[in-house]
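Enquirer: So here's model_19.cif (mmCIF, C-alpha atoms).
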```
data_input
#
loop_
_atom_site.label_atom_id
_atom_site.label_comp_id
_atom_site.auth_asym_id
_atom_site.auth_seq_id
_atom_site.Cartn_x
_atom_site.Cartn_y
_atom_site.Cartn_z
CA MET E 1498 -39.98 17.83 40.11
CA PHE E 1499 -38.19 19.79 37.41
CA ASP E 1500 -39.83 23.09 36.50
CA LEU E 1501 -38.21 25.01 33.64
CA SER E 1502 -40.92 27.65 33.35
CA ASP E 1503 -39.49 31.05 32.34
CA ARG E 1504 -36.23 29.37 31.25
CA VAL E 1505 -34.92 29.67 27.69
CA VAL E 1506 -32.93 26.75 26.30
CA VAL E 1507 -30.99 26.67 23.04
CA VAL E 1508 -30.59 23.24 21.45
CA THR E 1509 -28.16 23.17 18.54
CA GLY E 1510 -29.04 20.47 16.05
CA GLY E 1511 -32.44 20.52 17.72
CA ASN E 1512 -34.45 19.91 14.58
CA ALA E 1513 -34.00 16.11 14.48
CA GLY E 1514 -32.69 13.06 16.31
CA ILE E 1515 -31.40 13.39 19.86
CA GLY E 1516 -31.69 17.18 19.73
CA LEU E 1517 -35.39 17.08 18.92
CA GLY E 1518 -35.94 14.36 21.52
CA MET E 1519 -34.43 16.66 24.14
CA ALA E 1520 -36.40 19.66 22.88
CA ARG E 1521 -39.68 17.78 23.29
CA ALA E 1522 -38.89 17.02 26.93
CA LEU E 1523 -37.72 20.56 27.60
CA VAL E 1524 -40.96 22.16 26.42
CA GLY E 1525 -42.81 19.50 28.40
CA ALA E 1526 -41.04 20.82 31.50
CA GLY E 1527 -42.10 24.36 30.68
CA ALA E 1528 -39.00 25.68 28.93
CA THR E 1529 -38.97 27.95 25.91
CA VAL E 1530 -36.77 26.31 23.28
CA SER E 1531 -34.74 27.89 20.50
CA VAL E 1532 -33.81 25.34 17.84
CA TRP E 1533 -30.57 26.06 16.02
CA GLY E 1534 -29.98 24.15 12.81
CA ARG E 1535 -28.67 24.54 9.28
CA ARG E 1536 -31.90 23.64 7.48
CA GLY E 1537 -34.77 26.09 7.69
CA ASP E 1538 -37.38 23.53 6.64
CA ARG E 1539 -36.42 21.16 9.43
CA ASN E 1540 -36.23 24.01 11.91
CA ASP E 1541 -39.76 25.09 10.99
CA ALA E 1542 -41.09 21.54 11.30
CA ALA E 1543 -39.46 21.13 14.72
CA VAL E 1544 -40.90 24.43 15.97
CA ALA E 1545 -44.36 23.46 14.73
CA GLU E 1546 -44.13 20.14 16.56
CA LEU E 1547 -42.95 21.75 19.79
CA GLU E 1548 -45.75 24.30 19.62
CA SER E 1549 -48.27 21.51 19.00
CA LEU E 1550 -47.12 20.06 22.32
CA GLY E 1551 -48.10 23.30 24.00
CA GLY E 1552 -44.61 24.76 24.15
CA THR E 1553 -43.08 28.05 23.10
CA ALA E 1554 -40.34 27.70 20.52
CA GLY E 1555 -38.41 29.50 17.83
CA SER E 1556 -35.52 28.72 15.53
CA GLU E 1557 -32.40 30.16 13.94
CA ILE E 1558 -30.63 29.00 10.79
CA VAL E 1559 -27.00 28.54 11.79
CA ASP E 1560 -23.93 26.46 11.00
CA VAL E 1561 -22.26 26.19 14.40
CA ALA E 1562 -18.83 25.86 12.76
CA GLU E 1563 -19.12 29.45 11.50
CA GLU E 1564 -18.28 32.07 14.12
CA SER E 1565 -20.28 34.88 12.53
CA GLN E 1566 -23.39 32.69 12.26
CA VAL E 1567 -23.20 31.66 15.92
CA GLU E 1568 -22.87 35.26 17.03
CA ALA E 1569 -25.79 36.28 14.82
CA ALA E 1570 -27.94 33.40 16.08
CA MET E 1571 -27.27 34.33 19.70
CA ALA E 1572 -28.17 37.96 19.04
CA ALA E 1573 -31.37 36.92 17.26
CA THR E 1574 -32.32 34.53 20.06
CA LEU E 1575 -31.83 37.25 22.66
CA ASP E 1576 -33.89 39.65 20.58
CA ARG E 1577 -36.68 37.09 20.36
CA PHE E 1578 -36.72 35.67 23.89
CA GLY E 1579 -34.68 38.14 25.96
CA ARG E 1580 -32.34 35.64 27.60
CA VAL E 1581 -30.67 32.23 27.34
CA ASP E 1582 -30.49 30.08 30.47
CA THR E 1583 -29.16 26.83 29.00
CA MET E 1584 -27.01 26.17 25.96
CA ILE E 1585 -27.09 22.56 24.77
CA ALA E 1586 -24.32 21.97 22.22
CA ASN E 1587 -25.74 18.97 20.41
CA ALA E 1588 -25.02 19.64 16.72
CA GLY E 1589 -22.58 17.12 15.30
CA VAL E 1590 -21.42 15.14 12.29
CA GLY E 1591 -20.02 11.63 11.95
CA GLY E 1592 -17.28 11.40 9.34
CA ALA E 1593 -16.20 7.80 9.85
CA ALA E 1594 -13.18 6.86 7.74
CA ALA E 1595 -10.39 4.33 7.91
CA MET E 1596 -7.20 5.94 9.22
CA LEU E 1597 -5.27 5.19 6.03
CA ASP E 1598 -7.96 6.94 3.99
CA GLN E 1599 -8.78 9.83 6.36
CA THR E 1600 -8.20 13.19 4.71
CA LEU E 1601 -7.12 16.28 6.59
CA GLU E 1602 -10.12 18.10 5.17
CA GLY E 1603 -12.49 15.45 6.50
CA TRP E 1604 -10.76 15.40 9.88
CA ARG E 1605 -10.97 19.17 10.23
CA ARG E 1606 -14.64 19.26 9.24
CA VAL E 1607 -15.53 16.89 12.08
CA MET E 1608 -13.52 19.01 14.54
CA ALA E 1609 -15.03 22.23 13.21
CA VAL E 1610 -18.61 21.13 13.80
CA ASN E 1611 -18.32 18.88 16.84
CA LEU E 1612 -15.67 20.69 18.85
CA ASP E 1613 -15.21 24.20 17.48
CA GLY E 1614 -18.98 24.53 17.20
CA ALA E 1615 -19.45 23.72 20.89
CA PHE E 1616 -16.71 26.19 21.82
CA LEU E 1617 -18.33 28.97 19.80
CA CYS E 1618 -21.79 28.30 21.23
CA PHE E 1619 -20.54 28.09 24.80
CA ARG E 1620 -18.50 31.27 24.40
CA ALA E 1621 -21.51 33.17 23.10
CA ALA E 1622 -23.71 31.78 25.89
CA THR E 1623 -21.27 32.48 28.73
CA ARG E 1624 -20.67 36.04 27.57
CA HIS E 1625 -24.41 36.65 27.82
CA MET E 1626 -24.83 34.75 31.10
CA VAL E 1627 -21.96 36.55 32.84
CA GLU E 1628 -23.17 39.96 31.68
CA ARG E 1629 -26.78 39.19 32.68
CA GLY E 1630 -25.96 37.51 35.97
CA GLY E 1631 -28.06 34.82 37.59
CA GLY E 1632 -26.13 31.78 36.39
CA GLY E 1633 -26.99 29.24 33.73
CA ALA E 1634 -26.21 25.81 32.36
CA LEU E 1635 -23.97 24.49 29.60
CA VAL E 1636 -24.54 20.97 28.27
CA ALA E 1637 -22.23 19.29 25.76
CA VAL E 1638 -23.64 16.26 23.99
CA SER E 1639 -20.62 14.01 23.72
CA SER E 1640 -20.79 10.26 23.06
CA THR E 1641 -19.73 6.94 24.50
CA SER E 1642 -17.23 7.06 21.63
CA ALA E 1643 -15.30 9.40 23.93
CA ILE E 1644 -14.52 6.52 26.28
CA HIS E 1645 -14.13 3.49 24.02
CA GLY E 1646 -12.34 2.84 20.76
CA ALA E 1647 -13.70 1.90 17.36
CA ALA E 1648 -11.82 1.40 14.11
CA GLY E 1649 -12.39 4.14 11.56
CA ASN E 1650 -13.98 6.42 14.13
CA GLN E 1651 -10.97 8.37 15.33
CA ALA E 1652 -12.04 11.85 14.21
CA TYR E 1653 -15.47 11.56 15.80
CA SER E 1654 -14.06 10.04 18.98
CA VAL E 1655 -11.39 12.72 19.36
CA SER E 1656 -13.94 15.48 18.88
CA LYS E 1657 -16.26 13.97 21.49
CA THR E 1658 -13.42 13.38 23.95
CA GLY E 1659 -12.39 17.01 23.53
CA LEU E 1660 -15.84 18.07 24.68
CA LEU E 1661 -15.24 16.40 28.05
CA ALA E 1662 -12.09 18.46 28.61
CA LEU E 1663 -13.86 21.62 27.46
CA VAL E 1664 -16.68 21.04 29.91
CA ARG E 1665 -14.37 20.39 32.84
CA GLY E 1666 -12.51 23.62 32.20
CA LEU E 1667 -15.71 25.62 31.85
CA ALA E 1668 -17.12 24.11 35.04
CA VAL E 1669 -14.14 25.42 37.00
CA GLU E 1670 -13.87 28.80 35.26
CA PHE E 1671 -17.53 29.78 35.52
CA ALA E 1672 -18.54 28.27 38.85
CA ARG E 1673 -18.17 31.67 40.51
CA HIS E 1674 -20.78 33.01 38.11
CA GLY E 1675 -23.28 30.28 38.98
CA ILE E 1676 -22.85 28.70 35.54
CA ARG E 1677 -22.75 24.90 35.52
CA ALA E 1678 -21.20 22.80 32.76
CA ASN E 1679 -21.85 19.09 32.22
CA SER E 1680 -21.59 16.49 29.47
CA LEU E 1681 -24.17 14.00 28.25
CA LEU E 1682 -22.83 10.81 26.67
CA PRO E 1683 -25.45 8.96 24.61
CA GLY E 1684 -24.94 5.34 23.62
CA TRP E 1685 -25.96 3.66 20.36
CA THR E 1686 -29.09 5.50 19.25
CA GLU E 1687 -31.50 5.20 16.32
CA THR E 1688 -30.98 8.45 14.41
CA GLU E 1689 -30.42 9.58 10.85
CA MET E 1690 -26.65 9.56 11.50
CA THR E 1691 -26.66 5.90 12.54
CA GLU E 1692 -29.18 4.76 9.92
CA PRO E 1693 -26.52 3.02 7.78
CA LEU E 1694 -25.48 0.95 10.81
CA LEU E 1695 -29.05 -0.02 11.59
CA GLY E 1696 -29.13 -1.99 8.37
CA TRP E 1697 -26.00 -3.93 9.34
CA GLU E 1698 -27.54 -6.89 11.15
CA LYS E 1699 -24.27 -8.36 12.44
CA PHE E 1700 -23.27 -5.06 13.99
CA THR E 1701 -26.63 -4.22 15.54
CA SER E 1702 -26.94 -7.73 16.95
CA ALA E 1703 -23.50 -7.46 18.55
CA THR E 1704 -24.11 -4.04 20.09
CA THR E 1705 -27.58 -4.97 21.30
CA ALA E 1706 -26.26 -8.17 22.92
CA ARG E 1707 -23.64 -6.10 24.73
CA THR E 1708 -26.26 -3.65 26.02
CA PRO E 1709 -27.90 -4.86 29.26
CA VAL E 1710 -31.28 -3.30 28.38
CA ARG E 1711 -31.10 -5.22 25.06
CA ARG E 1712 -31.97 -2.40 22.69
CA TRP E 1713 -30.56 0.71 21.06
CA GLY E 1714 -31.60 4.10 22.40
CA VAL E 1715 -34.16 6.40 20.80
CA PRO E 1716 -34.07 10.21 20.91
CA GLU E 1717 -36.67 10.37 23.68
CA ASP E 1718 -34.31 8.47 26.00
CA TYR E 1719 -32.27 11.65 26.46
CA GLY E 1720 -35.07 14.08 27.20
CA ALA E 1721 -35.11 13.56 30.96
CA ALA E 1722 -31.34 14.03 31.14
CA ALA E 1723 -31.58 17.32 29.24
CA VAL E 1724 -34.24 18.57 31.63
CA PHE E 1725 -32.20 17.44 34.65
CA LEU E 1726 -29.03 19.14 33.43
CA SER E 1727 -30.95 22.36 32.70
CA ASP E 1728 -32.64 22.58 36.12
CA PRO E 1729 -31.48 25.78 37.88
CA THR E 1730 -31.90 24.30 41.35
CA LEU E 1731 -29.05 21.80 40.84
CA THR E 1732 -26.42 24.34 41.81
CA PHE E 1733 -23.94 21.73 43.16
CA HIS E 1734 -23.82 19.57 40.02
CA THR E 1735 -21.10 20.65 37.60
CA GLY E 1736 -18.15 19.20 35.71
CA ASP E 1737 -19.87 15.83 35.42
CA SER E 1738 -20.24 13.35 32.57
CA VAL E 1739 -23.67 11.69 32.49
CA VAL E 1740 -23.69 8.43 30.53
CA VAL E 1741 -27.04 7.28 29.11
CA ASP E 1742 -26.31 4.12 27.13
CA GLY E 1743 -28.42 1.27 28.47
CA GLY E 1744 -25.36 -0.04 30.29
CA TYR E 1745 -23.27 -0.58 27.14
CA THR E 1746 -20.01 0.83 28.53
CA ILE E 1747 -20.11 -1.13 31.79
CA PHE E 1748 -20.95 -4.56 30.39
#
```
I'd like the structure from this file rewritten - as structure tokens, please.
Expert:
Amino acid sequence: MFDLSDRVVVVTGGNAGIGLGMARALVGAGATVSVWGRRGDRNDAAVAELESLGGTAGSEIVDVAEESQVEAAMAATLDRFGRVDTMIANAGVGGAAAMLDQTLEGWRRVMAVNLDGAFLCFRAATRHMVERGGGGALVAVSSTSAIHGAAGNQAYSVSKTGLLALVRGLAVEFARHGIRANSLLPGWTETEMTEPLLGWEKFTSATTARTPVRRWGVPEDYGAAAVFLSDPTLTFHTGDSVVVDGGYTIF
């Protein structure tokens, strides 16, 4: 149903976890994928895996919190593939800390990567898409933390909530250019970021019991959503927040 042939998709933080899970599905749907990440070794491994699946892929070393690196990565991606049709802002950091112990430096680092990074990537992508014409898609990977509270998670939650507002504004501003903007909100997922929690039996038991499907997510659970949100035929779907959490937030 979803054919992404001849479409180029950038996935920031696409060399592991949810980002790589989405990248696998995207190449499976025919997309060319550019993996943006800070570690060259992981980028190379991700590209090799995507190519082994029969896809076309490349990578750029970039810290999305750094404006000059984002601009350079976009220029390099355009040089390599000629266009960008979807920008998936997935790169993120955790930074959990009790409020009484939270430092301003730590707070700002979370905002710089999770929120500023998405802004910089979306700005670079929309500049290209508007100049090129033909529309495009912006996807912000937020979190269910944007819609429920958790002690010691304020910085992460604020950054992910900010993405929802960013997406809504972009959806309105760029609709006339045929550019859609949507958010994806993953639930509890087995990734490197959540690995410390996976060893906390009391916590995992509680969250699993509260999840109707009775398990945590895995990166592959978000691949279909990434393909759906990147599909160019869905011209009427914008400004939305798609929750994929096994039912956690409704139970």
Enquirer: Write out, as JSON lines, each residue of stretch 1572-1624 of chain E that has an atom at most 12 Å from stretch 1673-1686 of chain E, together with the closest pair of atoms and their distance in Å to one decimal, counting only C-alpha atoms, rows going by chain and rising number.
Expert:
```
{"residue": "E:Val1581", "atom": "CA", "partner": "E:Ile1676", "partner_atom": "CA", "distance": 11.9}
{"residue": "E:Asp1582", "atom": "CA", "partner": "E:Ile1676", "partner_atom": "CA", "distance": 9.3}
{"residue": "E:Thr1583", "atom": "CA", "partner": "E:Ile1676", "partner_atom": "CA", "distance": 9.3}
{"residue": "E:Met1584", "atom": "CA", "partner": "E:Ala1678", "partner_atom": "CA", "distance": 9.6}
{"residue": "E:Ile1585", "atom": "CA", "partner": "E:Ser1680", "partner_atom": "CA", "distance": 9.4}
{"residue": "E:Ala1586", "atom": "CA", "partner": "E:Ser1680", "partner_atom": "CA", "distance": 9.5}
{"residue": "E:Asn1587", "atom": "CA", "partner": "E:Leu1681", "partner_atom": "CA", "distance": 9.4}
{"residue": "E:Ala1615", "atom": "CA", "partner": "E:Ser1680", "partner_atom": "CA", "distance": 11.4}
{"residue": "E:Phe1619", "atom": "CA", "partner": "E:Ala1678", "partner_atom": "CA", "distance": 9.6}
{"residue": "E:Ala1622", "atom": "CA", "partner": "E:Ile1676", "partner_atom": "CA", "distance": 10.2}
{"residue": "E:Thr1623", "atom": "CA", "partner": "E:Ile1676", "partner_atom": "CA", "distance": 7.9}
{"residue": "E:Arg1624", "atom": "CA", "partner": "E:His1674", "partner_atom": "CA", "distance": 11.0}
```
Enquirer: Restricting the calculation to all atoms listed in the file: of E:Gly1514, E:Gly1720, E:Gly1592, E:Gly1659, which residue gets closest to E:Ala1637?
Expert: E:Gly1659
Enquirer: Report as number ranges by chain the full result of the PyMOL selection byres ((chain E and resi 1501) around 7) when it is applied to this structure.
Expert: E: 1499-1500, 1502-1504, 1526-1528, 1728
Enquirer: Given the choices E:Arg1629, E:Arg1620, E:His1645, E:Arg1535, which gets closest to E:Asn1512 if the distance is worked out from all atoms listed in the file?
Expert: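 Comparing E:Arg1629, E:Arg1620, E:His1645, E:Arg1535 against E:Asn1512, the winner is E:Arg1535.
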Enquirer: Quick one: distance from atom CA of E:Phe1700 to atom CA of E:Tyr1745 in Å, one decimal?
Expert: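 For atom CA of E:Phe1700 relative to atom CA of E:Tyr1745, the distance reads 13.9 Å.
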Enquirer: Using the chain letters and numbering of this document, enumerate as a list in words the residues selected by the PyMOL selection byres ((chain E and resi 1643) around 7).
Expert: Ser1640, Thr1641, Ser1642, Ile1644, His1645, Ser1654, Val1655, Lys1657 and Thr1658 of chain E
Enquirer: Just the residues within 10 Å of E:Val1710, please, counting all atoms listed in the file, with nothing from its chain fewer than 5 positions along; format it as a PyMOL selection string.
Expert: chain E and resi 1705+1742-1745
Enquirer: List as a PyMOL selection string the residues having at least one atom at most 9 Å from position (-35.3, 7.5, 15.1) as given in the file, counting all atoms listed in the file.
Expert: chain E and resi 1513-1515+1686-1689+1692+1714-1716
Enquirer: Enumerate, as a list of chain:residue names, the protein, DNA and RNA residues whose atoms approach (-17.5, 26.5, 10.5) to within 10 Å, taking into account all atoms listed in the file and the coordinate frame of the file.
Expert: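 In the file's frame, the residues around the point are E:Val1559, E:Asp1560, E:Val1561, E:Ala1562, E:Glu1563, E:Glu1564, E:Ser1565, E:Gln1566, E:Val1567, E:Arg1605, E:Arg1606, E:Val1607, E:Met1608, E:Ala1609, E:Val1610, E:Asn1611, E:Asp1613, E:Gly1614, E:Leu1617.
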Enquirer: For E:Gly1736, which residue among E:Ala1662, E:Leu1695, E:Met1690, E:Leu1575 is the nearest when counting all atoms listed in the file?
Expert: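 Smallest distance to E:Gly1736 is found for E:Ala1662.
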Enquirer: Using all atoms listed in the file, which of the listed residues (E:Thr1746, E:Thr1509, E:Ala1703, E:Gly1649) sits closest to E:Met1596?
Expert: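 Using all atoms listed in the file, E:Met1596 sits closest to E:Gly1649.
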Enquirer: Quick check, in Å to one decimal: how far apart do atom CA of E:Ser1531 and atom CA of E:Glu1557 lie?
Expert: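 Result for atom CA of E:Ser1531 versus atom CA of E:Glu1557: 7.3 Å, one decimal.
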Enquirer: Quick one: residues within 12 Å of E:Val1544, only C-alpha atoms counted, chain neighbours fewer than 4 positions away excluded, as a PDB file with C-alpha atoms, in the coordinates of the input?
Expert:
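See around_39.pdb below for the written result:
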```
ATOM      1  CA  VAL E1508     -30.590  23.240  21.450  1.00  0.00           C
ATOM      2  CA  GLY E1511     -32.440  20.520  17.720  1.00  0.00           C
ATOM      3  CA  ASN E1512     -34.450  19.910  14.580  1.00  0.00           C
ATOM      4  CA  ALA E1513     -34.000  16.110  14.480  1.00  0.00           C
ATOM      5  CA  LEU E1517     -35.390  17.080  18.920  1.00  0.00           C
ATOM      6  CA  ALA E1520     -36.400  19.660  22.880  1.00  0.00           C
ATOM      7  CA  ARG E1521     -39.680  17.780  23.290  1.00  0.00           C
ATOM      8  CA  VAL E1524     -40.960  22.160  26.420  1.00  0.00           C
ATOM      9  CA  THR E1529     -38.970  27.950  25.910  1.00  0.00           C
ATOM     10  CA  VAL E1530     -36.770  26.310  23.280  1.00  0.00           C
ATOM     11  CA  SER E1531     -34.740  27.890  20.500  1.00  0.00           C
ATOM     12  CA  VAL E1532     -33.810  25.340  17.840  1.00  0.00           C
ATOM     13  CA  TRP E1533     -30.570  26.060  16.020  1.00  0.00           C
ATOM     14  CA  GLY E1534     -29.980  24.150  12.810  1.00  0.00           C
ATOM     15  CA  GLY E1537     -34.770  26.090   7.690  1.00  0.00           C
ATOM     16  CA  ASP E1538     -37.380  23.530   6.640  1.00  0.00           C
ATOM     17  CA  ARG E1539     -36.420  21.160   9.430  1.00  0.00           C
ATOM     18  CA  ASN E1540     -36.230  24.010  11.910  1.00  0.00           C
ATOM     19  CA  GLU E1548     -45.750  24.300  19.620  1.00  0.00           C
ATOM     20  CA  SER E1549     -48.270  21.510  19.000  1.00  0.00           C
ATOM     21  CA  LEU E1550     -47.120  20.060  22.320  1.00  0.00           C
ATOM     22  CA  GLY E1551     -48.100  23.300  24.000  1.00  0.00           C
ATOM     23  CA  GLY E1552     -44.610  24.760  24.150  1.00  0.00           C
ATOM     24  CA  THR E1553     -43.080  28.050  23.100  1.00  0.00           C
ATOM     25  CA  ALA E1554     -40.340  27.700  20.520  1.00  0.00           C
ATOM     26  CA  GLY E1555     -38.410  29.500  17.830  1.00  0.00           C
ATOM     27  CA  SER E1556     -35.520  28.720  15.530  1.00  0.00           C
ATOM     28  CA  GLU E1557     -32.400  30.160  13.940  1.00  0.00           C
TER      29      GLU E1557
END
```
